[in-house]
Structure formats: C-alpha cells, structure tokens
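Asker: Got a structure for you, my_file17.cif, holding mmCIF, C-alpha atoms.
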data_query
loop_
_atom_site.label_atom_id
_atom_site.label_comp_id
_atom_site.auth_asym_id
_atom_site.auth_seq_id
_atom_site.Cartn_x
_atom_site.Cartn_y
_atom_site.Cartn_z
CA MET T 1 -3.08 -30.79 29.95
CA LEU T 2 -1.10 -33.46 28.12
CA ASP T 3 2.08 -34.89 29.65
CA LYS T 4 4.72 -36.79 27.68
CA PHE T 5 2.58 -36.97 24.57
CA ASP T 6 3.60 -39.08 21.55
CA TYR T 7 2.88 -36.91 18.51
CA SER T 8 2.85 -39.94 16.20
CA ARG T 9 -0.63 -40.71 17.59
CA VAL T 10 -2.07 -37.59 15.91
CA PRO T 11 -4.05 -38.67 12.83
CA GLY T 12 -3.13 -37.15 9.48
CA GLY T 13 -5.27 -34.14 8.68
CA PHE T 14 -6.06 -33.42 12.33
CA ALA T 15 -6.53 -29.64 12.67
CA HIS T 16 -4.27 -27.86 15.17
CA CYS T 17 -5.19 -24.62 16.92
CA PHE T 18 -2.61 -21.94 17.68
CA ASN T 19 -4.99 -19.58 19.50
CA ASP T 20 -3.35 -18.91 22.88
CA ARG T 21 -6.06 -16.45 23.90
CA CYS T 22 -8.94 -18.92 23.80
CA LYS T 23 -10.55 -19.45 27.20
CA ARG T 24 -10.59 -23.21 26.63
CA ALA T 25 -7.06 -23.58 25.21
CA ASP T 26 -5.80 -25.24 28.41
CA SER T 27 -8.19 -28.16 27.93
CA CYS T 28 -8.47 -28.34 24.13
CA LEU T 29 -6.71 -31.21 22.40
CA ARG T 30 -6.24 -29.16 19.23
CA HIS T 31 -4.23 -26.60 21.20
CA GLN T 32 -2.53 -28.95 23.65
CA ILE T 33 -0.73 -30.89 20.89
CA ILE T 34 1.08 -27.77 19.57
CA PRO T 35 4.22 -28.11 21.76
CA TYR T 36 4.64 -31.71 20.57
CA VAL T 37 4.76 -30.98 16.83
CA PRO T 38 8.17 -32.32 15.74
CA LYS T 39 10.59 -29.71 14.43
CA GLU T 40 11.00 -31.85 11.30
CA ARG T 41 7.36 -31.28 10.30
CA TRP T 42 7.16 -28.63 7.59
CA SER T 43 3.45 -27.95 8.05
CA VAL T 44 0.37 -29.01 9.96
CA PRO T 45 -3.36 -28.52 9.28
CA ILE T 46 -4.77 -25.63 11.33
CA VAL T 47 -8.19 -24.40 12.40
CA ASN T 48 -9.26 -21.49 10.22
CA PRO T 49 -8.53 -18.39 12.34
CA ALA T 50 -11.81 -16.86 11.12
CA GLN T 51 -13.66 -19.72 12.86
CA ILE T 52 -12.04 -19.14 16.25
CA LEU T 53 -14.26 -17.61 18.91
CA PRO T 54 -12.28 -15.96 21.75
CA GLU T 55 -15.16 -16.54 24.19
CA GLY T 56 -14.36 -20.24 24.11
CA ASP T 57 -17.51 -21.49 22.35
CA CYS T 58 -15.44 -22.86 19.49
CA PRO T 59 -17.20 -25.51 17.38
CA GLY T 60 -13.83 -27.24 16.95
CA PHE T 61 -13.18 -27.70 20.67
CA MET T 62 -12.05 -31.22 21.56
CA SER T 63 -11.39 -32.24 25.13
CA ASP T 64 -7.85 -33.32 25.97
CA GLN T 65 -9.18 -35.78 28.57
CA PRO T 66 -8.91 -39.47 27.67
CA ILE T 67 -12.15 -41.41 27.46
CA ARG T 68 -12.89 -45.08 28.12
CA PHE T 69 -13.36 -47.33 25.11
CA ALA T 70 -14.46 -50.98 25.22
CA TYR T 71 -13.36 -53.82 22.98
CA GLY T 72 -15.05 -57.08 22.13
CA MET T 73 -18.25 -58.79 23.17
CA GLU T 74 -17.27 -62.45 23.24
CA HIS T 75 -19.11 -63.10 26.51
CA LEU T 76 -21.45 -60.10 26.57
CA LEU T 77 -24.62 -62.18 26.23
CA ASP T 78 -23.41 -65.48 27.77
CA GLU T 79 -25.37 -65.29 31.01
CA LEU T 80 -28.68 -64.41 29.34
CA PRO T 81 -31.42 -66.83 28.34
CA PHE T 82 -30.84 -68.00 24.77
CA ARG T 83 -33.99 -66.44 23.30
CA LYS T 84 -33.31 -63.05 24.89
CA ALA T 85 -29.62 -63.12 23.87
CA LYS T 86 -30.55 -64.03 20.28
CA GLU T 87 -33.08 -61.20 20.07
CA MET T 88 -30.66 -58.65 21.58
CA LYS T 89 -27.97 -59.70 19.10
CA CYS T 90 -30.41 -59.03 16.22
CA VAL T 91 -31.31 -55.63 17.67
CA MET T 92 -27.62 -54.71 17.97
CA LYS T 93 -26.96 -55.82 14.38
CA ARG T 94 -29.76 -53.56 13.17
CA HIS T 95 -28.52 -50.65 15.27
CA PHE T 96 -24.81 -50.89 14.42
CA GLY T 97 -25.22 -52.41 10.96
CA LYS T 98 -24.10 -55.95 10.21
CA THR T 99 -20.57 -55.05 9.06
CA TYR T 100 -19.85 -52.72 11.99
CA PHE T 101 -21.38 -55.22 14.43
CA TYR T 102 -18.99 -57.95 13.32
CA ARG T 103 -16.04 -55.57 13.37
CA LEU T 104 -16.90 -54.76 16.97
CA LYS T 105 -17.18 -58.47 17.70
CA ARG T 106 -13.82 -59.28 16.05
CA LEU T 107 -12.06 -56.44 17.94
CA GLU T 108 -11.46 -54.51 14.71
CA ARG T 109 -13.45 -51.58 16.09
CA ARG T 110 -13.99 -50.27 19.57
CA PHE T 111 -17.16 -49.37 21.41
CA SER T 112 -17.25 -45.62 21.91
CA PRO T 113 -18.81 -44.29 25.12
CA GLN T 114 -22.02 -43.73 23.11
CA ASP T 115 -21.96 -47.31 21.81
CA GLN T 116 -21.41 -48.60 25.35
CA GLN T 117 -24.35 -46.53 26.55
CA TYR T 118 -26.53 -47.96 23.77
CA VAL T 119 -25.67 -51.52 24.90
CA ARG T 120 -26.30 -50.54 28.54
CA ASP T 121 -29.69 -49.07 27.58
CA LEU T 122 -30.51 -52.19 25.56
CA PHE T 123 -29.79 -54.34 28.62
CA ARG T 124 -32.16 -52.18 30.68
CA ARG T 125 -34.82 -52.35 27.96
CA TYR T 126 -34.69 -56.14 28.21
CA GLY T 127 -34.89 -56.04 32.00
CA ILE T 128 -31.24 -56.87 32.66
CA GLU T 129 -29.85 -54.87 35.55
CA LYS T 130 -26.34 -56.33 35.31
CA GLU T 131 -23.76 -54.01 33.77
CA PRO T 132 -22.63 -55.17 30.29
CA ALA T 133 -19.15 -56.73 30.43
CA PHE T 134 -17.05 -56.11 27.35
CA ASP T 135 -13.84 -58.09 26.74
CA SER T 136 -11.45 -55.28 27.61
CA TYR T 137 -11.25 -51.55 28.18
CA THR T 138 -8.73 -48.87 27.32
CA GLU T 139 -8.44 -45.12 27.73
CA ASP T 140 -7.57 -43.02 24.72
CA LEU T 141 -8.07 -39.58 23.27
CA LEU T 142 -11.00 -39.02 20.96
CA TRP T 143 -9.50 -37.86 17.66
CA ASP T 144 -12.55 -38.06 15.44
CA ALA T 145 -15.15 -35.90 17.14
CA MET T 146 -15.50 -33.76 14.01
#
As structure tokens, please, write out the structure in this file.
Answerer:
Amino acid sequence: MLDKFDYSRVPGGFAHCFNDRCKRADSCLRHQIIPYVPKERWSVPIVNPAQILPEGDCPGFMSDQPIRFAYGMEHLLDELPFRKAKEMKCVMKRHFGKTYFYRLKRLERRFSPQDQQYVRDLFRRYGIEKEPAFDSYTEDLLWDAM
C-alpha cells in the first residue's frame, strides 16, 4: 500500500482501476493511486471495466512495490582484462542496441531489473563471479509494465 504518494509522478495516460472488489486491489498500483488523484483533475484514464477479472488474474495488474533500478556503468568493466572488457562491451551494444547502450552509459536511461540480470548473466558467461557494480541505484515504481 502506498503512503504519502506524490500524484505528479503518475505518467500521463496511465490507466487507473476503480475496482474495489478485485482480490489484488490492495497491492495493485493502478488501484492504489486512486485516493491520490487531485480533486482538480477533471478526468483520468481508466481500465476498461469489461477487462476486469474479479478473481484477481487481471492482465493490467501492476505491483505497487518499488523495484531497484541501476544507473550508469562508468566503472562496470574497469577491473576486467582489456580484451574481455572490450568483447563484453560489444556484446552489450548488440544486446541493448548502440543508442540505448550509450543512453545507459550517459545516465539518460536506467537499467531495469531485467537489464541488470542480463549484465549479471553476461558476467557469469565470461567467468566473472564478481557482482556487476553500477554507478548508483534507486528504488522506484514501475510505471511502464504495459
């Protein structure tokens, strides 16, 4: 359940859910933001009521638990042998795409938990047992799951 939530963090177009009878309403971000909608707001996007499943198996469910994001990779490959680091950098560029890779590097994008797992798996694939060290970490809600 959200405490002291700042509604200005909700992205435009984010669908809200007003279904109080859903079994997962207490942990769904779409439902948990309802009390924080400012009175000045004339309207908000909503989940189509025909799509709501009272059993709780809603395809629009989004957890209200913050997740850990990582930023930057300035020193991610510093302690590796040059050849291995160079090869891993090429593999990451192919995986993420060149533009996205450099946005991650310049702190314009964040590493999602899945992206962090990919880098962790890449380290293991290259025989590196050390945990990847990103520049910084933050916890935030995942707004773009759908």
Asker: Please determine, counting all atoms listed in the file, which residue among T:Glu79, T:Glu74, T:Asp121, T:Asp57 has the shortest atom-to-atom distance to T:Val91.
Answerer: T:Asp121
Asker: Could you state the separation of atom CA of T:His75 and atom CA of T:Arg94 in Å, given to one decimal place?
Answerer: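 It comes out at 19.6 Å.
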Asker: Interatomic distance between atom CA of T:Gln51 and atom CA of T:Trp143?
Answerer: 19.2 Å
Asker: Kindly provide, as lines of an AutoDock Vina configuration file, the centre and edge lengths (Å, one decimal) of an axis-aligned box around all atoms of stretch 125-129 of chain T given in the file, with 3 Å on each side.
Answerer:
center_x = -32.4
center_y = -54.6
center_z = 31.8
size_x = 11.0
size_y = 10.5
size_z = 13.6
Asker: Could you please determine the separation between atom CA of T:Arg68 and atom CA of T:Lys98 in Å, to one decimal place?
Answerer: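 Atom CA of T:Lys98 lies 23.8 Å from atom CA of T:Arg68.
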Asker: Give me the result of the PyMOL selection byres ((chain T and resi 136-141) around 6) on this file, residue by residue, as a list in words.
Answerer: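 That expression, the PyMOL selection byres ((chain T and resi 136-141) around 6), corresponds here to Pro66, Ile67, Arg68, Phe69, Ala70, Tyr71, Phe134, Asp135 and Leu142 of chain T.
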Asker: Can you list, as a PyMOL selection string, every protein, DNA or RNA residue that comes within 10 Å of stretch 20-27 of chain T when you count all atoms listed in the file, leaving out same-chain residues fewer than 2 positions away?
Answerer: chain T and resi 1-2+17-18+29-32+52-58+61-65
Asker: Could you check which of T:Met88, T:Ile33, T:Tyr100, T:Lys105 is closest to T:Val119, using only C-alpha atoms?
Answerer: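 Of T:Met88, T:Ile33, T:Tyr100, T:Lys105, the one nearest T:Val119 is T:Met88, counting only C-alpha atoms.
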Asker: Taking into account all atoms listed in the file, which residue in the set T:Val47, T:Ile128, T:Ala15, T:Leu122 is nearest to T:Leu80?
Answerer: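 When distances to T:Leu80 are compared using all atoms listed in the file, the smallest one comes from T:Ile128.
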Asker: Counting all atoms listed in the file, which of T:Ala85, T:Ala50, T:Leu76, T:Val37 gets nearest to T:Pro132?
Answerer: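 Once distances to T:Pro132 are computed over all atoms listed in the file, the minimum belongs to T:Leu76.
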Asker: Tell me which of T:Phe82, T:Glu129, T:Lys89, T:Met73 sits closest to T:Arg103, counting all atoms listed in the file.
Answerer: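 Closest to T:Arg103 of all the choices is T:Met73.
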Asker: Step by step, work through what the PyMOL selection byres ((chain T and resi 43) around 12) selects in the shown file, and finish by giving those residues as a ChimeraX atom specification.
Answerer: /T:12-16,34,37-42,44-46
Asker: Would you kindly place N, CA and C atoms on stretch 74-103 of chain T and return the model as a PDB file, in the coordinates of the input?
Answerer:
ATOM      1  N   GLU T  74     -17.280 -60.992  23.303  1.00  0.00           N
ATOM      2  CA  GLU T  74     -17.270 -62.450  23.240  1.00  0.00           C
ATOM      3  C   GLU T  74     -18.233 -63.071  24.252  1.00  0.00           C
ATOM      4  N   HIS T  75     -18.281 -62.527  25.454  1.00  0.00           N
ATOM      5  CA  HIS T  75     -19.110 -63.100  26.510  1.00  0.00           C
ATOM      6  C   HIS T  75     -20.205 -62.146  26.987  1.00  0.00           C
ATOM      7  N   LEU T  76     -20.487 -61.131  26.189  1.00  0.00           N
ATOM      8  CA  LEU T  76     -21.450 -60.100  26.570  1.00  0.00           C
ATOM      9  C   LEU T  76     -22.834 -60.676  26.878  1.00  0.00           C
ATOM     10  N   LEU T  77     -23.264 -61.653  26.096  1.00  0.00           N
ATOM     11  CA  LEU T  77     -24.620 -62.180  26.230  1.00  0.00           C
ATOM     12  C   LEU T  77     -24.650 -63.593  26.816  1.00  0.00           C
ATOM     13  N   ASP T  78     -23.519 -64.093  27.291  1.00  0.00           N
ATOM     14  CA  ASP T  78     -23.410 -65.480  27.770  1.00  0.00           C
ATOM     15  C   ASP T  78     -24.380 -65.845  28.887  1.00  0.00           C
ATOM     16  N   GLU T  79     -24.571 -64.955  29.821  1.00  0.00           N
ATOM     17  CA  GLU T  79     -25.370 -65.290  31.010  1.00  0.00           C
ATOM     18  C   GLU T  79     -26.869 -65.038  30.823  1.00  0.00           C
ATOM     19  N   LEU T  80     -27.267 -64.694  29.610  1.00  0.00           N
ATOM     20  CA  LEU T  80     -28.680 -64.410  29.340  1.00  0.00           C
ATOM     21  C   LEU T  80     -29.368 -65.640  28.781  1.00  0.00           C
ATOM     22  N   PRO T  81     -30.682 -65.728  28.980  1.00  0.00           N
ATOM     23  CA  PRO T  81     -31.420 -66.830  28.340  1.00  0.00           C
ATOM     24  C   PRO T  81     -31.234 -66.760  26.823  1.00  0.00           C
ATOM     25  N   PHE T  82     -31.146 -67.920  26.195  1.00  0.00           N
ATOM     26  CA  PHE T  82     -30.840 -68.000  24.770  1.00  0.00           C
ATOM     27  C   PHE T  82     -31.735 -67.122  23.914  1.00  0.00           C
ATOM     28  N   ARG T  83     -33.033 -67.198  24.121  1.00  0.00           N
ATOM     29  CA  ARG T  83     -33.990 -66.440  23.300  1.00  0.00           C
ATOM     30  C   ARG T  83     -33.750 -64.929  23.423  1.00  0.00           C
ATOM     31  N   LYS T  84     -33.542 -64.475  24.648  1.00  0.00           N
ATOM     32  CA  LYS T  84     -33.310 -63.050  24.890  1.00  0.00           C
ATOM     33  C   LYS T  84     -31.980 -62.622  24.264  1.00  0.00           C
ATOM     34  N   ALA T  85     -30.933 -63.433  24.430  1.00  0.00           N
ATOM     35  CA  ALA T  85     -29.620 -63.120  23.870  1.00  0.00           C
ATOM     36  C   ALA T  85     -29.699 -63.055  22.340  1.00  0.00           C
ATOM     37  N   LYS T  86     -30.408 -63.990  21.740  1.00  0.00           N
ATOM     38  CA  LYS T  86     -30.550 -64.030  20.280  1.00  0.00           C
ATOM     39  C   LYS T  86     -31.264 -62.777  19.769  1.00  0.00           C
ATOM     40  N   GLU T  87     -32.315 -62.384  20.457  1.00  0.00           N
ATOM     41  CA  GLU T  87     -33.080 -61.200  20.070  1.00  0.00           C
ATOM     42  C   GLU T  87     -32.234 -59.926  20.232  1.00  0.00           C
ATOM     43  N   MET T  88     -31.498 -59.833  21.340  1.00  0.00           N
ATOM     44  CA  MET T  88     -30.660 -58.650  21.580  1.00  0.00           C
ATOM     45  C   MET T  88     -29.549 -58.558  20.532  1.00  0.00           C
ATOM     46  N   LYS T  89     -29.012 -59.692  20.130  1.00  0.00           N
ATOM     47  CA  LYS T  89     -27.970 -59.700  19.100  1.00  0.00           C
ATOM     48  C   LYS T  89     -28.552 -59.156  17.785  1.00  0.00           C
ATOM     49  N   CYS T  90     -29.755 -59.546  17.434  1.00  0.00           N
ATOM     50  CA  CYS T  90     -30.410 -59.030  16.220  1.00  0.00           C
ATOM     51  C   CYS T  90     -30.644 -57.531  16.308  1.00  0.00           C
ATOM     52  N   VAL T  91     -31.066 -57.060  17.475  1.00  0.00           N
ATOM     53  CA  VAL T  91     -31.310 -55.630  17.670  1.00  0.00           C
ATOM     54  C   VAL T  91     -29.997 -54.855  17.520  1.00  0.00           C
ATOM     55  N   MET T  92     -28.913 -55.378  18.085  1.00  0.00           N
ATOM     56  CA  MET T  92     -27.620 -54.710  17.970  1.00  0.00           C
ATOM     57  C   MET T  92     -27.126 -54.697  16.520  1.00  0.00           C
ATOM     58  N   LYS T  93     -27.362 -55.782  15.795  1.00  0.00           N
ATOM     59  CA  LYS T  93     -26.960 -55.820  14.380  1.00  0.00           C
ATOM     60  C   LYS T  93     -27.701 -54.758  13.583  1.00  0.00           C
ATOM     61  N   ARG T  94     -28.988 -54.596  13.870  1.00  0.00           N
ATOM     62  CA  ARG T  94     -29.760 -53.560  13.170  1.00  0.00           C
ATOM     63  C   ARG T  94     -29.266 -52.170  13.536  1.00  0.00           C
ATOM     64  N   HIS T  95     -28.965 -51.973  14.810  1.00  0.00           N
ATOM     65  CA  HIS T  95     -28.520 -50.650  15.270  1.00  0.00           C
ATOM     66  C   HIS T  95     -27.147 -50.290  14.700  1.00  0.00           C
ATOM     67  N   PHE T  96     -26.175 -51.177  14.845  1.00  0.00           N
ATOM     68  CA  PHE T  96     -24.810 -50.890  14.420  1.00  0.00           C
ATOM     69  C   PHE T  96     -24.587 -51.147  12.927  1.00  0.00           C
ATOM     70  N   GLY T  97     -25.450 -51.947  12.329  1.00  0.00           N
ATOM     71  CA  GLY T  97     -25.220 -52.410  10.960  1.00  0.00           C
ATOM     72  C   GLY T  97     -24.426 -53.705  11.045  1.00  0.00           C
ATOM     73  N   LYS T  98     -24.710 -54.616  10.146  1.00  0.00           N
ATOM     74  CA  LYS T  98     -24.100 -55.950  10.210  1.00  0.00           C
ATOM     75  C   LYS T  98     -22.568 -55.901  10.153  1.00  0.00           C
ATOM     76  N   THR T  99     -22.031 -55.126   9.216  1.00  0.00           N
ATOM     77  CA  THR T  99     -20.570 -55.050   9.060  1.00  0.00           C
ATOM     78  C   THR T  99     -19.915 -54.481  10.314  1.00  0.00           C
ATOM     79  N   TYR T 100     -20.429 -53.358  10.803  1.00  0.00           N
ATOM     80  CA  TYR T 100     -19.850 -52.720  11.990  1.00  0.00           C
ATOM     81  C   TYR T 100     -19.997 -53.631  13.207  1.00  0.00           C
ATOM     82  N   PHE T 101     -21.141 -54.296  13.319  1.00  0.00           N
ATOM     83  CA  PHE T 101     -21.380 -55.220  14.430  1.00  0.00           C
ATOM     84  C   PHE T 101     -20.278 -56.283  14.481  1.00  0.00           C
ATOM     85  N   TYR T 102     -19.997 -56.886  13.341  1.00  0.00           N
ATOM     86  CA  TYR T 102     -18.990 -57.950  13.320  1.00  0.00           C
ATOM     87  C   TYR T 102     -17.571 -57.407  13.497  1.00  0.00           C
ATOM     88  N   ARG T 103     -17.346 -56.179  13.094  1.00  0.00           N
ATOM     89  CA  ARG T 103     -16.040 -55.570  13.370  1.00  0.00           C
ATOM     90  C   ARG T 103     -15.868 -55.307  14.859  1.00  0.00           C
TER      91      ARG T 103
END
